[in-house]
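Reading through the structure tokens given below for one structure.
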2 protein chains.
Amino acid sequence: MLVADNATAPVYTIGECARRSGFSMDTLRYYERIGLIDEVRRNATGQRRFTDGDLEWLGTLKCLRDTGMPVEQMARFAALVRDGDHTIPERIRLLEAHRVAVDASLDDLAAKRDYISGKIAYYRSV
Amino acid sequence: MLVADNATAPVYTIGECARRSGFSMDTLRYYERIGLIDEVRRNATGQRRFTDGDLEWLGTLKCLRDTGMPVEQMARFAALVRDGDHTIPERIRLLEAHRVAVDASLDDLAAKRDYISGKIAYYRSV
DNA sequence: GTTTGCGTTGGAGTCCACTCCAGGTCTTAG
DNA sequence: CTAAGACCTGGAGTGGACTCCAACGCAAAC
């Protein structure tokens with residue numbers, strides 16, 4: 001659930017962040033450990049408190065992940081983001097290369113969907 | 001390379017079959033072991049000789065595999081095919097369910113491609 | 001203020017789908 | 001005939017990406 005600091009920016013427990021981001025709590029901790037997400041803010045006793053900014057970044061990660069980018073390349077992207085604005089041209093290059101890959105897999109997937117449809121039609125005709 | 005029996009149906013060594021199917025030799029042997037492909041014909045000394053029929057089936061497997069079907073479900077499909085024509089209605093059900101999944105992942109992938117495009121456009125605008 | 005359950009850590013374990021290996025046999029090009 | 005290269009088997013190993021565990025500390029609901 002949401003844990004408001006007071007009237008300021010909302011923060012979320014790891015459980016709530018998991019629910020909202022679509023990653024499991026274990027995966028969130030794992031991603032933090034390997035540097036995919038920056039060190040997350042903690043409350044006084046050390047529990048993680050995710051911000052809306054964290055969630056937005058997790059949305060980007062989810063998109064990259066779900067489109068087949070390997071964790072290692074996501075880590076490179078995360079490092080670029082950490083390194084500041086002068087890495088923007090390189091981030092663009094990375095995302096463009098990835099988009100090319102995604103487009104290719106879209107085409108491939110569509111062709112294979114048609115093959116499956118053909119197979120179904122064939123079975124129906126038997 | 002192609003190893004013709006005589007003037008009849010062509011057969012292929014595992015290496016050639018790998019080249020043509022897009023699966024590695026190890027994967028072909030693995031698929032045979034777990035029942036994804038029927039026992040492959042052998043020559044006198046026990047080497048595998050794949051037929052065009054085997055290759056066609058491998059094409060189907062490749063399609064299912066590349067569209068994200070788990071090996072276990074492919075094995076179920078293979079078992080249905082082995083069991084004869086009375087399993088055709090069930091094969092249709094299986095393929096239709098899979099096509100629904102493929103359509104969903106096409107939609108998802110397209111949406112995420114757009115998200116990536118948006119990200120690129122944003123970076124370009126900075 | 002206590003119980004129920006959420007969160008912490010480091011490290012080990014799991015799952016899937018291959019992939020590799022050793023130690024041998026077979027095939028084929030020259 | 002021989003040497004290089006393809007193929008055989010059973011079983012072990014790999015890689016990627018988590019996922020689970022134990023043993024503990026905190027939180028928050030009543």
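Chains: A, B, ... in order of the structure tokens. Residues: from 1 per chain. Ligands: from 1, in order shown.
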- Query: Once you count only C-alpha atoms (C1' of nucleotides), which residues of chain A turn out to be within 9 Å of chain D? Could you give them as JSON, numbers by chain?
  - Reply: {"A": [26, 27, 30, 45, 47, 70, 71]}
Kindly provide the residues of chain B that approach chain C to within 12 Å, each paired with its closest atom pair and their distance in Å to one decimal, based on only C-alpha atoms (C1' of nucleotides), listed by chain and increasing number, as a tab-separated table.
```
residue	atom	partner	partner_atom	distance
B:Met1	CA	C:DT28	C1'	11.8
B:Val3	CA	C:DT27	C1'	11.6
B:Thr13	CA	C:DT27	C1'	11.4
B:Phe23	CA	C:DC18	C1'	10.6
B:Ser24	CA	C:DT19	C1'	9.5
B:Met25	CA	C:DT19	C1'	10.1
B:Asp26	CA	C:DT19	C1'	7.1
B:Thr27	CA	C:DC18	C1'	6.7
B:Leu28	CA	C:DC18	C1'	10.4
B:Arg29	CA	C:DC18	C1'	10.8
B:Tyr30	CA	C:DC18	C1'	8.1
B:Tyr31	CA	C:DC18	C1'	10.0
B:Ile34	CA	C:DA17	C1'	11.8
B:Asn43	CA	C:DC26	C1'	10.9
B:Ala44	CA	C:DC26	C1'	10.5
B:Thr45	CA	C:DC26	C1'	7.5
B:Gly46	CA	C:DC26	C1'	9.4
B:Gln47	CA	C:DC26	C1'	8.5
B:Arg48	CA	C:DC26	C1'	12.0
B:Arg65	CA	C:DA17	C1'	10.8
B:Met69	CA	C:DA17	C1'	12.0
B:Pro70	CA	C:DC16	C1'	8.8
B:Val71	CA	C:DA17	C1'	8.1
B:Glu72	CA	C:DC16	C1'	10.2
```
Restricting the output to C-alpha atoms, write the selected residues as a CSV table (one decimal), in the first residue's frame.
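Listed below is the output, part_19.csv:
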```
chain,number,residue,atom,x,y,z
B,1,MET,CA,24.7,-33.0,-47.9
B,3,VAL,CA,22.2,-38.6,-49.4
B,13,THR,CA,22.3,-36.4,-42.5
B,23,PHE,CA,18.0,-26.3,-35.2
B,24,SER,CA,21.5,-27.4,-34.0
B,25,MET,CA,22.4,-31.1,-34.3
B,26,ASP,CA,22.4,-31.3,-30.5
B,27,THR,CA,18.9,-29.9,-30.4
B,28,LEU,CA,17.7,-32.3,-33.0
B,29,ARG,CA,19.0,-35.2,-31.0
B,30,TYR,CA,17.5,-33.7,-27.8
B,31,TYR,CA,14.1,-33.2,-29.5
B,34,ILE,CA,12.2,-36.1,-25.5
B,43,ASN,CA,21.1,-46.2,-42.0
B,44,ALA,CA,22.7,-49.6,-41.6
B,45,THR,CA,25.2,-48.4,-39.1
B,46,GLY,CA,22.9,-46.3,-37.0
B,47,GLN,CA,23.3,-42.8,-38.4
B,48,ARG,CA,20.2,-40.7,-38.6
B,65,ARG,CA,9.0,-22.7,-30.6
B,69,MET,CA,5.4,-22.3,-27.1
B,70,PRO,CA,7.1,-24.2,-24.3
B,71,VAL,CA,8.7,-27.5,-25.2
B,72,GLU,CA,6.3,-29.4,-22.9
```
- If you run DSSP over the backbone, which residues in region 1-125 of chain A end up helix (DSSP H, G or I)? Put them as a ChimeraX atom specification. /A:14-21,25-33,52-66,71-82,85-125
- Task: Output the contact residues of chain B with respect to chain A at a cut-off of 7 Å, based on only C-alpha atoms, as a PyMOL selection string.
- Result: chain B and resi 63+67+88+92+95+99+102+106+109+112-113+116+120+123
- Message: Please identify the strand (DSSP E) residues within chain A (assignment by DSSP from backbone atoms) and present them as number ranges by chain.
- Response: A: 2-4, 10-12, 50-51
